[in-house]
$ cat target-v8.txt   # compact mmCIF, C-alpha atoms and all ligand atoms
# COMPACT_ATOMS: atom_id res chain seq x y z
CA MET Q 68 112.87 40.70 163.18
CA PRO Q 69 116.01 39.95 161.17
CA TYR Q 70 117.24 42.77 159.03
CA ALA Q 71 118.13 41.93 155.43
CA TRP Q 72 121.54 43.42 154.66
CA PRO Q 73 122.60 43.78 151.04
CA LYS Q 74 125.39 41.30 150.15
CA ASP Q 75 127.97 43.96 149.32
CA THR Q 76 127.57 45.95 152.55
CA ASP Q 77 130.92 47.19 153.84
CA PHE Q 78 130.92 46.83 157.63
CA ALA Q 79 133.30 48.47 160.07
CA LEU Q 80 134.37 45.75 162.50
CA LEU Q 81 134.10 46.44 166.22
CA GLU Q 82 135.27 43.87 168.78
CA LEU Q 83 133.85 44.16 172.26
CA ASP Q 84 135.35 42.49 175.34
CA VAL Q 85 133.86 41.93 178.75
CA LEU Q 86 135.60 44.52 180.94
CA ASP Q 87 134.97 43.00 184.36
CA ARG Q 88 135.83 39.31 183.98
CA THR Q 89 135.39 38.21 187.59
CA CYS Q 90 132.62 35.65 187.98
CA PRO Q 91 129.79 37.34 189.88
CA ALA Q 92 129.06 34.08 191.74
CA CYS Q 93 132.50 32.73 192.77
CA GLY Q 94 134.93 35.48 191.82
CA ARG Q 95 137.10 33.38 189.47
CA LEU Q 96 138.39 34.77 186.18
CA MET Q 97 135.86 34.05 183.42
CA TYR Q 98 136.74 32.72 179.95
CA ILE Q 99 135.44 33.52 176.51
CA CYS Q 100 132.97 30.78 175.66
CA ASP Q 101 131.18 32.14 172.61
CA HIS Q 102 130.83 35.06 170.18
CA ARG Q 103 127.78 36.99 169.14
CA TYR Q 104 127.87 38.77 165.81
CA ARG Q 105 125.55 41.73 165.33
CA ARG Q 106 125.15 44.24 162.57
CA VAL Q 107 123.73 47.69 163.15
CA HIS Q 108 123.35 50.92 161.24
CA THR Q 109 125.06 53.94 162.72
CA LEU Q 110 125.13 57.47 161.32
CA GLU Q 111 128.80 56.78 160.45
CA GLY Q 112 127.91 53.69 158.46
CA PRO Q 113 127.16 49.99 159.02
CA VAL Q 114 129.00 48.35 161.91
CA GLU Q 115 129.55 44.69 162.69
CA LEU Q 116 129.84 44.05 166.42
CA VAL Q 117 131.81 41.04 167.56
CA CYS Q 118 130.72 40.51 171.14
CA LYS Q 119 132.89 38.13 173.16
CA LEU Q 120 130.71 36.26 175.65
CA ASN Q 121 132.24 35.05 178.92
CA HIS Q 122 131.30 32.45 181.47
CA CYS Q 123 132.77 30.91 184.61
CA PRO Q 124 135.03 27.90 183.85
CA ASP Q 125 133.81 26.03 186.92
CA PRO Q 126 130.95 23.74 185.78
CA THR Q 127 129.60 23.56 189.32
CA CYS Q 128 129.37 27.36 189.68
CA PRO Q 129 126.03 29.05 188.85
CA GLY Q 130 128.14 31.52 186.78
CA HIS Q 131 128.95 28.68 184.36
CA ALA Q 132 125.48 28.37 182.84
CA LYS Q 133 125.05 32.10 182.36
CA THR Q 134 127.06 34.00 179.78
CA LYS Q 135 128.06 37.59 180.31
CA SER Q 136 127.92 40.04 177.40
CA PRO Q 137 130.36 42.94 176.92
CA GLU Q 138 129.19 45.90 178.96
CA LEU Q 139 129.60 48.34 176.07
CA GLU Q 140 127.23 46.49 173.74
CA ILE Q 141 124.06 48.18 174.96
CA THR Q 142 125.71 51.59 174.78
CA ILE Q 143 125.90 51.08 171.00
CA ALA Q 144 122.51 49.47 170.40
CA LEU Q 145 119.81 47.79 172.45
CA PRO Q 146 119.31 44.02 171.87
CA LYS Q 147 117.55 43.14 168.60
CA TRP Q 148 117.84 46.67 167.21
CA ALA Q 149 119.08 47.11 163.66
CA VAL Q 150 120.16 50.68 164.42
CA GLY Q 151 122.50 52.23 166.94
CA TRP Q 152 121.49 54.83 169.51
CA ASP Q 153 122.60 57.67 167.24
CA VAL Q 154 120.20 56.62 164.46
CA PHE Q 155 117.48 55.98 167.03
CA CYS Q 156 117.83 59.48 168.52
CA TRP Q 157 118.01 60.99 165.04
CA ILE Q 158 114.65 59.38 164.17
CA GLY Q 159 113.03 60.51 167.42
CA HIS Q 160 114.34 64.03 167.00
CA ARG Q 161 113.08 64.25 163.43
CA ARG Q 162 109.67 63.04 164.52
CA TYR Q 163 109.13 65.14 167.64
CA SER Q 164 111.28 68.24 167.24
CA ARG Q 165 110.83 68.70 163.51
CA HIS Q 166 107.39 67.02 163.24
CA ARG Q 167 108.41 65.06 160.14
CA PRO Q 168 106.07 62.33 158.92
CA ILE Q 169 107.41 58.77 158.80
CA PRO Q 170 107.71 58.56 154.98
CA GLN Q 171 109.91 61.64 155.01
CA ILE Q 172 112.07 60.30 157.84
CA GLN Q 173 112.39 57.13 155.80
CA SER Q 174 113.52 58.93 152.65
CA ASP Q 175 115.85 61.28 154.58
CA LEU Q 176 117.52 58.30 156.25
CA TRP Q 177 118.11 56.75 152.87
CA ASP Q 178 119.22 59.96 151.13
CA ASP Q 179 121.49 61.28 153.88
CA TYR Q 180 122.90 58.10 155.43
CA GLY Q 181 122.10 55.26 153.04
CA ILE Q 182 120.08 53.58 155.79
CA LYS Q 183 117.13 51.59 154.52
CA LEU Q 184 114.38 50.99 157.09
CA SER Q 185 110.75 49.99 156.60
CA ALA Q 186 108.02 52.35 157.71
CA ASP Q 187 106.98 49.72 160.25
CA SER Q 188 110.37 49.63 161.92
CA ILE Q 189 110.59 53.39 162.00
CA ALA Q 190 107.16 53.49 163.66
CA ARG Q 191 108.38 50.91 166.18
CA TYR Q 192 111.51 52.91 167.01
CA ILE Q 193 109.36 56.02 167.41
CA GLY Q 194 107.20 54.09 169.85
CA TYR Q 195 110.26 53.15 171.93
CA TYR Q 196 111.46 56.73 171.74
CA GLN Q 197 108.14 57.98 173.15
CA VAL Q 198 108.27 55.55 176.04
CA MET Q 199 111.83 56.55 176.89
CA LEU Q 200 111.04 60.23 176.60
CA ALA Q 201 108.01 59.90 178.91
CA ALA Q 202 110.02 57.91 181.43
CA CYS Q 203 112.76 60.51 181.32
CA GLN Q 204 110.27 63.39 181.71
CA GLN Q 205 108.69 61.77 184.76
CA ASP Q 206 111.91 60.71 186.41
CA SER Q 207 111.55 62.26 189.84
CA GLU Q 208 115.29 62.78 190.31
CA SER Q 209 115.73 64.70 187.05
CA LEU Q 210 112.55 66.63 187.79
CA ARG Q 211 113.95 67.71 191.14
CA ARG Q 212 117.17 68.88 189.49
CA HIS Q 213 115.14 70.75 186.89
CA TYR Q 214 113.14 72.60 189.54
CA GLU Q 215 115.98 73.31 191.95
CA ALA Q 216 116.21 77.03 191.12
CA VAL Q 217 112.44 77.56 190.83
CA ASP Q 218 110.71 79.38 193.71
CA GLU Q 219 107.10 78.60 192.92
CA ILE Q 220 105.24 76.77 190.24
CA ILE Q 221 102.26 77.57 188.03
CA LEU Q 222 100.07 74.73 186.87
CA SER Q 223 97.53 74.44 184.09
CA ILE Q 224 95.11 71.70 183.09
CA ASP Q 225 93.24 71.26 179.84
CA GLY Q 226 91.50 68.54 177.89
CA LEU Q 227 92.24 67.90 174.23
CA GLN Q 228 89.77 65.86 172.22
CA PRO Q 229 91.43 64.69 169.01
CA GLU Q 230 88.10 63.58 167.51
CA LYS Q 231 84.48 63.78 168.53
CA GLY Q 232 83.44 60.73 170.50
CA HIS Q 233 87.02 59.76 171.30
CA GLU Q 234 88.48 59.89 174.76
CA THR Q 235 89.86 63.24 175.81
CA LEU Q 236 93.50 63.61 176.71
CA TYR Q 237 93.90 65.61 179.92
CA VAL Q 238 97.22 67.35 180.20
CA VAL Q 239 98.74 68.92 183.29
CA ARG Q 240 101.50 71.38 182.44
CA GLU Q 241 103.84 73.43 184.56
CA LEU Q 242 104.20 76.86 183.02
CA THR Q 243 107.33 78.40 184.53
CA GLN Q 244 109.44 75.62 182.96
CA LYS Q 245 106.98 75.00 180.10
CA ARG Q 246 106.97 71.32 180.90
CA VAL Q 247 104.24 68.73 180.49
CA TRP Q 248 104.05 66.95 183.83
CA PHE Q 249 101.70 64.19 182.83
CA ALA Q 250 98.78 63.41 180.56
CA GLU Q 251 96.01 60.88 180.80
CA PRO Q 252 93.16 59.94 178.47
CA LEU Q 253 89.79 59.97 180.22
CA ILE Q 254 86.70 58.55 178.52
CA SER Q 255 84.34 60.42 180.80
CA ALA Q 256 85.77 63.38 182.63
CA THR Q 257 83.73 63.13 185.78
CA ALA Q 258 84.54 65.50 188.61
CA ASP Q 259 86.13 62.58 190.51
CA GLU Q 260 88.39 61.60 187.62
CA VAL Q 261 89.54 65.16 187.08
CA ARG Q 262 90.11 65.64 190.79
CA ARG Q 263 92.34 62.55 190.80
CA LEU Q 264 94.61 64.27 188.23
CA ILE Q 265 94.69 67.45 190.25
CA ALA Q 266 95.56 65.45 193.37
CA GLN Q 267 98.38 63.83 191.39
CA ALA Q 268 99.70 67.27 190.48
CA LYS Q 269 99.54 68.19 194.15
CA ALA Q 270 101.60 65.13 195.05
CA TRP Q 271 104.22 66.09 192.46
CA ALA Q 272 104.42 69.66 193.73
CA GLU Q 273 104.76 68.41 197.29
CA SER Q 274 107.50 65.97 196.35
CA LEU Q 275 109.38 68.88 194.76
CA GLY Q 276 108.81 70.94 197.92
CA LYS Q 277 107.66 73.94 195.85
CA PRO Q 278 104.54 76.03 196.49
CA VAL Q 279 101.92 76.30 193.73
CA ALA Q 280 101.33 80.00 193.07
CA LEU Q 281 98.57 79.75 190.49
CA TRP Q 282 96.32 77.45 188.49
CA LEU Q 283 95.18 78.25 184.96
CA SER Q 284 92.41 76.58 183.00
CA ASP Q 285 89.33 77.22 180.90
CA ARG Q 286 87.44 77.06 184.21
CA GLN Q 287 85.11 74.23 183.30
CA ASP Q 288 83.15 73.00 186.31
CA ALA Q 289 85.20 69.89 187.04
CA PHE Q 290 88.42 71.95 187.11
CA VAL Q 291 86.92 74.65 189.31
CA THR Q 292 85.62 72.22 191.94
CA GLY Q 293 88.65 69.92 191.78
CA ILE Q 294 91.20 72.72 192.16
CA ALA Q 295 89.18 74.42 194.90
CA ALA Q 296 89.11 71.12 196.80
CA GLU Q 297 92.80 70.19 196.40
CA PHE Q 298 94.28 73.70 196.45
CA PRO Q 299 91.90 75.77 198.60
CA ASP Q 300 94.24 78.78 198.91
CA VAL Q 301 95.63 78.86 195.40
CA PRO Q 302 94.11 81.35 192.93
CA HIS Q 303 92.59 79.83 189.80
CA ARG Q 304 92.61 82.07 186.76
CA TYR Q 305 91.01 81.96 183.35
CA CYS Q 306 93.66 81.18 180.75
CA ASN Q 307 94.29 84.11 178.36
CA ASN Q 308 93.75 82.01 175.30
CA HIS Q 309 90.34 80.70 176.39
CA PHE Q 310 89.33 84.13 177.59
CA LEU Q 311 90.14 85.68 174.21
CA ARG Q 312 88.48 82.83 172.34
CA ASP Q 313 85.24 83.28 174.27
CA LEU Q 314 85.37 87.01 173.73
CA ALA Q 315 86.13 86.59 170.05
CA LYS Q 316 82.80 84.97 169.20
CA PRO Q 317 80.52 88.00 169.75
CA VAL Q 318 83.18 90.35 168.34
CA LEU Q 319 83.47 88.41 165.10
CA GLU Q 320 79.70 88.06 164.80
CA ALA Q 321 79.20 91.81 165.06
CA ASP Q 322 82.08 92.39 162.69
CA SER Q 323 80.69 90.03 160.09
CA HIS Q 324 77.33 91.78 160.31
CA ALA Q 325 79.03 95.13 159.67
CA LYS Q 326 80.84 93.65 156.66
CA VAL Q 327 77.55 92.50 155.13
CA ARG Q 328 76.13 96.00 155.46
CA MET Q 329 79.18 97.61 153.88
CA ARG Q 330 79.11 95.17 150.96
CA LYS Q 331 75.43 95.97 150.42
CA LYS Q 332 76.22 99.65 150.17
CA VAL Q 333 79.29 99.43 147.96
CA ARG Q 334 78.17 97.55 144.87
CA GLY Q 335 77.85 97.83 141.11
CA LEU Q 336 81.59 97.62 140.44
CA ARG Q 337 81.06 95.29 137.50
CA LYS Q 338 78.60 97.71 135.92
CA ILE Q 339 81.04 100.59 136.20
CA GLU Q 340 83.86 98.54 134.75
CA GLN Q 341 81.72 97.38 131.82
CA ALA Q 342 80.69 100.94 131.09
CA VAL Q 343 84.32 102.10 131.10
CA LEU Q 344 85.48 99.22 128.91
CA LYS Q 345 82.64 99.82 126.49
CA GLN Q 346 83.55 103.49 126.33
CA GLN Q 347 87.21 102.68 125.69
CA GLY Q 348 86.21 100.24 122.93
CA ALA Q 349 83.97 102.84 121.30
CA GLN Q 350 86.73 105.43 121.44
CA ALA Q 351 89.29 103.07 119.93
CA SER Q 352 87.08 101.96 117.06
CA GLU Q 353 85.74 105.36 116.15
CA GLN Q 354 89.05 107.17 116.66
CA LEU Q 355 86.90 110.10 117.61
CA VAL Q 356 87.93 112.86 119.92
CA ASP Q 357 84.43 113.07 121.20
CA ASN Q 358 83.09 113.73 124.64
CA HIS Q 359 80.79 111.25 126.39
CA PRO Q 360 79.62 113.14 129.40
CA ALA Q 361 76.68 110.84 130.09
CA ALA Q 362 78.76 107.62 130.19
CA THR Q 363 81.49 109.14 132.35
CA THR Q 364 78.99 110.41 134.87
CA ALA Q 365 77.46 106.97 135.23
CA VAL Q 366 80.89 105.42 135.70
CA ILE Q 367 82.19 107.45 138.60
CA GLU Q 368 78.74 108.23 139.94
CA THR Q 369 79.90 111.77 140.54
CA PRO Q 370 79.50 114.75 138.26
CA THR Q 371 82.82 114.75 136.44
CA ASN Q 372 83.18 115.81 132.90
CA PRO Q 373 86.65 115.13 131.52
CA PRO Q 374 87.70 116.32 128.09
CA ALA Q 375 87.92 113.46 125.59
CA SER Q 376 91.67 113.80 125.17
CA ARG Q 377 92.24 112.47 128.65
CA GLY Q 378 89.37 109.96 128.58
CA ASP Q 379 91.66 106.97 128.21
CA SER Q 380 93.84 107.60 131.27
CA ALA Q 381 90.85 108.74 133.31
CA SER Q 382 88.99 105.51 132.63
CA ALA Q 383 92.12 103.55 133.53
CA VAL Q 384 92.10 105.33 136.90
CA VAL Q 385 88.47 104.37 137.35
CA LEU Q 386 89.35 100.73 136.63
CA ASP Q 387 92.16 100.92 139.19
CA TYR Q 388 89.73 102.18 141.78
CA CYS Q 389 87.34 99.35 140.97
CA THR Q 390 90.11 96.78 141.40
CA ALA Q 391 91.18 98.31 144.69
CA VAL Q 392 87.63 98.39 146.05
CA ARG Q 393 87.03 94.79 144.96
CA GLY Q 394 90.17 93.76 146.82
CA ILE Q 395 88.92 95.53 149.92
CA LEU Q 396 85.47 93.90 149.76
CA ASN Q 397 86.95 90.42 149.32
CA ASP Q 398 89.45 90.72 152.15
CA ASP Q 399 88.47 88.28 154.90
CA GLN Q 400 91.84 88.11 156.63
CA GLY Q 401 92.33 88.90 160.30
CA GLY Q 402 91.06 87.44 163.55
CA PRO Q 403 89.21 88.94 166.51
CA LEU Q 404 92.16 91.19 167.38
CA HIS Q 405 92.17 92.71 163.89
CA PRO Q 406 88.53 92.32 162.77
CA PRO Q 407 88.28 92.26 158.97
CA GLY Q 408 85.21 94.53 159.01
CA LEU Q 409 87.08 97.29 160.80
CA ARG Q 410 89.89 97.03 158.30
CA MET Q 411 87.37 97.11 155.47
CA ALA Q 412 85.78 100.29 156.85
CA ASP Q 413 89.21 101.97 157.18
CA ALA Q 414 90.21 101.01 153.66
CA LEU Q 415 86.92 102.21 152.16
CA ASP Q 416 87.36 105.52 154.01
CA GLU Q 417 90.76 105.88 152.41
CA VAL Q 418 89.33 105.25 148.97
CA ARG Q 419 86.58 107.78 149.58
CA ALA Q 420 89.15 110.38 150.69
CA SER Q 421 91.30 109.60 147.66
CA ILE Q 422 88.35 110.07 145.25
CA GLN Q 423 87.48 113.29 147.02
CA ARG Q 424 91.03 114.58 146.48
CA ASP Q 425 90.76 113.68 142.80
CA LEU Q 426 87.51 115.61 142.53
CA ASP Q 427 88.95 118.63 144.30
CA ALA Q 428 91.97 118.57 142.01
CA LYS Q 429 89.64 118.24 139.03
CA LYS Q 430 87.68 121.36 140.04
CA GLY Q 431 90.86 123.43 140.32
CA ASP Q 432 92.16 121.85 137.17
CA SER Q 433 89.13 122.62 134.98
CA GLN Q 434 89.04 126.21 136.31
CA SER Q 435 92.70 126.76 135.45
CA SER Q 436 92.30 125.08 132.07
CA ASN Q 437 89.39 127.42 131.31
CA SER Q 438 91.38 130.54 132.18
CA ALA Q 439 94.76 129.49 130.81
CA ASP Q 440 94.31 128.50 127.20
CA SER Q 441 96.51 125.40 127.08
CA PRO Q 442 94.39 122.22 127.44
CA ALA Q 443 97.22 119.83 126.51
CA ALA Q 444 99.56 120.90 129.32
CA SER Q 445 96.91 120.93 132.02
CA THR Q 446 95.61 117.56 130.86
CA ALA Q 447 99.00 115.95 131.29
CA ALA Q 448 99.46 117.48 134.73
CA GLY Q 449 95.97 116.54 135.84
CA THR Q 450 96.35 112.94 134.71
CA ARG Q 451 99.66 112.41 136.45
CA CYS Q 452 98.21 113.92 139.58
CA ALA Q 453 95.19 111.64 139.63
CA THR Q 454 97.28 108.57 138.92
CA ASN Q 455 99.68 109.37 141.74
CA ARG Q 456 96.82 109.72 144.14
CA SER Q 457 95.28 106.47 143.16
CA ARG Q 458 98.65 104.83 143.70
CA SER Q 459 99.07 106.41 147.11
CA ALA Q 460 95.69 105.04 148.17
CA THR Q 461 96.74 101.62 146.90
CA THR Q 462 100.08 101.66 148.68
CA SER Q 463 98.70 102.63 152.05
CA ARG Q 464 96.25 99.77 151.89
CA THR Q 465 98.85 97.31 150.77
CA SER Q 466 100.85 98.09 153.86
CA ARG Q 467 97.88 96.86 155.86
CA LYS Q 468 98.17 93.50 154.18
CA SER Q 469 95.05 93.88 152.07
CA PRO Q 470 95.17 92.03 148.79
CA ARG Q 471 97.14 94.07 146.32
CA PRO Q 472 95.00 95.56 143.58
CA SER Q 473 96.49 95.11 140.14
CA ASN Q 474 98.49 98.18 139.32
CA ARG Q 475 98.19 99.48 135.81
CA GLU Q 476 101.45 101.39 135.98
CA SER Q 477 103.55 98.40 136.99
ZN ZN Q 501 132.06 31.09 189.05
$ encode --input "target-v8.txt" --output "structure tokens"
Amino acid sequence: MPYAWPKDTDFALLELDVLDRTCPACGRLMYICDHRYRRVHTLEGPVELVCKLNHCPDPTCPGHAKTKSPELEITIALPKWAVGWDVFCWIGHRRYSRHRPIPQIQSDLWDDYGIKLSADSIARYIGYYQVMLAACQQDSESLRRHYEAVDEIILSIDGLQPEKGHETLYVVRELTQKRVWFAEPLISATADEVRRLIAQAKAWAESLGKPVALWLSDRQDAFVTGIAAEFPDVPHRYCNNHFLRDLAKPVLEADSHAKVRMRKKVRGLRKIEQAVLKQQGAQASEQLVDNHPAATTAVIETPTNPPASRGDSASAVVLDYCTAVRGILNDDQGGPLHPPGLRMADALDEVRASIQRDLDAKKGDSQSSNSADSPAASTAAGTRCATNRSRSATTSRTSRKSPRPSNRES
């Protein structure tokens, strides 16, 4: 497909000669008979190649009808490409090492190098890149070099189904070098089909002359029988990942059940908050230094009886607790290795201990305020104390990556 170059493109000119000018048929010196002009993008800018084509001057020689192109031409770009190898490799690298989508590759090419390519051509280059990469990965000579220093190999097989109903891609990987050996889509993974792949892996291992120390898989039936048949003396282990995943199901089920029970027990936060807010509103509007023992008791659900002068900061502490507990109850983070229910139970225990410390401090506090006759001083001390404790409970939970409760003091 011809590439449309803008009229004002500034090309660097590159002339290419045939290096070996002996006619391959008769051995005479060949002449230049024609020129081929090509334009390609390189990362250094647009290049115009002037390729001098040679042929044998003897009209009776078979070398006369065939032209020879400069040897270096294909080291710059393959025939019909609008980009050089450097751009081609850049595209492939962006796609497969950085996992960039085509539209982003397209805009990066334009922004960074002023190279304008259609999405279709980029997709086509990516296709070529894949083919070359696969060919390179399966090249037996390079594979042998790669495995020269390896004593034994460990193989794994697994099927990946991109979508339900689609064919499954079976992948054989070698784990010591973390290398995909080969992959094949199978519509129906019968035991025979799977065994064929395992036999292929065996042939590869034999051609490398390396013993197979271990097979890993999810141990589905076709794998178990196929590996046992092709590799009778090689151990076949459950892959860690599948093992954990299978174990995770019952663990997470039990954990979720425990969470439901905890949430059932710890409830009524909204009610408490409304009661506190209502109390604060009443205090603000009436400007009364009045005690509301009944309301306060309902709020904390424990027999506390603060003097009215500290009612405001005490209710703020209660609101902080409510926020913290709500954060704990809504925390669903964590997988089977850190079950959310266990974390919830730990965090609720911490809150309970924190409230208990507040209550203990309160008891001591009210006793001392009764004996010593200075309510203002003890109130200030008691409030700071309670606030610090509520913060310490908050901080220790935050360090466990629970959602951070809103902190009144900050
Ligand atoms: Zn000739």
$ residues_near_ligand --input "target-v8.txt" --ligand "ligand ZN 501 (chain Q)" --cutoff "12 Å" --atoms "all atoms listed in the file" --output "JSON, numbers by chain"
{"Q": [88, 89, 90, 91, 92, 93, 94, 95, 96, 97, 98, 121, 122, 123, 124, 125, 126, 127, 128, 129, 130, 131, 132, 133, 134, 135]}
$ residues_near_point --input "target-v8.txt" --point "(88.4, 76.1, 185.2)" --cutoff "9 Å" --atoms "all atoms listed in the file" --output "ChimeraX atom specification"
/Q:224-225,282-292,294,303-306
$ residues_near_point --input "target-v8.txt" --point "(123.7, 46.1, 171.5)" --cutoff "10 Å" --atoms "all atoms listed in the file" --output "list in words"
Arg105, Arg106, Val107, Leu116, Cys118, Ser136, Pro137, Glu138, Leu139, Glu140, Ile141, Thr142, Ile143, Ala144, Leu145, Pro146, Lys147, Trp148, Ala149, Val150, Gly151 and Trp152 of chain Q
$ atom_distance --input "target-v8.txt" --atom1 "atom CA of Asp413 of chain Q" --atom2 "atom CA of Ile395 of chain Q"
9.7 Å
$ residues_around --input "target-v8.txt" --residues "Leu81 of chain Q" --least-positions-apart "6" --cutoff "8 Å" --atoms "only C-alpha atoms" --output "JSON, numbers by chain"
{"Q": [114, 115, 116, 117]}
$ atom_distance --input "target-v8.txt" --atom1 "atom CA of Glu241 of chain Q" --atom2 "atom CA of Ala266 of chain Q"
14.5 Å
$ atom_distance --input "target-v8.txt" --atom1 "atom CA of Lys269 of chain Q" --atom2 "atom CA of Thr243 of chain Q"
16.0 Å
$ closest_atom_pairs --input "target-v8.txt" --of "segment 238-341 of chain Q" --to "segment 396-409 of chain Q" --cutoff "9 Å" --atoms "all atoms listed in the file" --output "CSV"
residue,atom,partner,partner_atom,distance
Q:Leu311,CA,Q:Pro403,CA,8.4
Q:Arg312,CA,Q:Pro403,CA,8.5
Q:Leu314,CA,Q:Pro403,CA,8.4
Q:Ala315,CA,Q:Pro403,CA,5.2
Q:Lys316,CA,Q:Pro403,CA,8.0
Q:Val318,CA,Q:Pro403,CA,6.5
Q:Leu319,CA,Q:Pro403,CA,5.9
Q:Ala321,CA,Q:Gly408,CA,9.0
Q:Asp322,CA,Q:Gly408,CA,5.3
Q:Ser323,CA,Q:Gly408,CA,6.5
Q:His324,CA,Q:Gly408,CA,8.4
Q:Ala325,CA,Q:Gly408,CA,6.2
Q:Lys326,CA,Q:Gly408,CA,5.0
Q:Val327,CA,Q:Gly408,CA,8.8
Q:Met329,CA,Q:Leu396,CA,8.4
Q:Arg330,CA,Q:Leu396,CA,6.6
Q:Val333,CA,Q:Leu396,CA,8.5
$ write_last_selection --input "target-v8.txt" --atoms "C-alpha atoms" --output "mmCIF file, keeping the file's coordinate frame"
data_model
loop_
_atom_site.group_PDB
_atom_site.id
_atom_site.type_symbol
_atom_site.label_atom_id
_atom_site.label_comp_id
_atom_site.auth_asym_id
_atom_site.auth_seq_id
_atom_site.Cartn_x
_atom_site.Cartn_y
_atom_site.Cartn_z
ATOM 1 C CA LEU Q 311 90.140 85.680 174.210
ATOM 2 C CA ARG Q 312 88.480 82.830 172.340
ATOM 3 C CA LEU Q 314 85.370 87.010 173.730
ATOM 4 C CA ALA Q 315 86.130 86.590 170.050
ATOM 5 C CA LYS Q 316 82.800 84.970 169.200
ATOM 6 C CA VAL Q 318 83.180 90.350 168.340
ATOM 7 C CA LEU Q 319 83.470 88.410 165.100
ATOM 8 C CA ALA Q 321 79.200 91.810 165.060
ATOM 9 C CA ASP Q 322 82.080 92.390 162.690
ATOM 10 C CA SER Q 323 80.690 90.030 160.090
ATOM 11 C CA HIS Q 324 77.330 91.780 160.310
ATOM 12 C CA ALA Q 325 79.030 95.130 159.670
ATOM 13 C CA LYS Q 326 80.840 93.650 156.660
ATOM 14 C CA VAL Q 327 77.550 92.500 155.130
ATOM 15 C CA MET Q 329 79.180 97.610 153.880
ATOM 16 C CA ARG Q 330 79.110 95.170 150.960
ATOM 17 C CA VAL Q 333 79.290 99.430 147.960
#
$ residues_around --input "target-v8.txt" --residues "Gly181 of chain Q" --least-positions-apart "6" --cutoff "10 Å" --atoms "only C-alpha atoms" --output "count of residues only"
6
$ closest_residue --input "target-v8.txt" --among "Q:Val154, Q:Arg191, Q:Leu80, Q:Val247" --to "Trp177 of chain Q" --atoms "all atoms listed in the file"
Q:Val154
$ closest_residue --input "target-v8.txt" --among "Q:Ala201, Q:Ile339, Q:Ala268, Q:Ile254" --to "His233 of chain Q" --atoms "all atoms listed in the file"
Q:Ile254
$ closest_residue --input "target-v8.txt" --among "Q:Lys345, Q:Arg162, Q:Arg240, Q:Arg419" --to "Ile221 of chain Q" --atoms "only C-alpha atoms"
Q:Arg240
$ build_atoms --input "target-v8.txt" --residues "segment 141-153 of chain Q" --atoms "N, CA and C atoms" --output "short mmCIF file (atom, residue, chain, number, x, y, z; two decimals), in the frame of the given file"
data_model
loop_
_atom_site.label_atom_id
_atom_site.label_comp_id
_atom_site.auth_asym_id
_atom_site.auth_seq_id
_atom_site.Cartn_x
_atom_site.Cartn_y
_atom_site.Cartn_z
N ILE Q 141 125.33 47.45 174.95
CA ILE Q 141 124.06 48.18 174.96
C ILE Q 141 124.26 49.70 174.87
N THR Q 142 125.52 50.15 174.98
CA THR Q 142 125.71 51.59 174.78
C THR Q 142 125.78 51.90 173.29
N ILE Q 143 125.89 50.86 172.45
CA ILE Q 143 125.90 51.08 171.00
C ILE Q 143 124.50 50.85 170.42
N ALA Q 144 123.88 49.74 170.85
CA ALA Q 144 122.51 49.47 170.40
C ALA Q 144 121.85 48.54 171.39
N LEU Q 145 120.53 48.70 171.58
CA LEU Q 145 119.81 47.79 172.45
C LEU Q 145 119.67 46.44 171.73
N PRO Q 146 119.46 45.33 172.50
CA PRO Q 146 119.31 44.02 171.87
C PRO Q 146 118.23 44.02 170.79
N LYS Q 147 118.49 43.34 169.71
CA LYS Q 147 117.55 43.14 168.60
C LYS Q 147 117.34 44.39 167.74
N TRP Q 148 117.98 45.48 168.07
CA TRP Q 148 117.84 46.67 167.21
C TRP Q 148 118.74 46.53 165.99
N ALA Q 149 118.24 47.07 164.88
CA ALA Q 149 119.08 47.11 163.66
C ALA Q 149 119.78 48.46 163.54
N VAL Q 150 119.51 49.36 164.47
CA VAL Q 150 120.16 50.68 164.42
C VAL Q 150 120.83 50.98 165.75
N GLY Q 151 121.85 51.81 165.72
CA GLY Q 151 122.50 52.23 166.94
C GLY Q 151 121.72 53.37 167.58
N TRP Q 152 122.18 53.76 168.79
CA TRP Q 152 121.49 54.83 169.51
C TRP Q 152 121.47 56.12 168.72
N ASP Q 153 122.55 56.40 167.97
CA ASP Q 153 122.60 57.67 167.24
C ASP Q 153 121.49 57.75 166.19
#
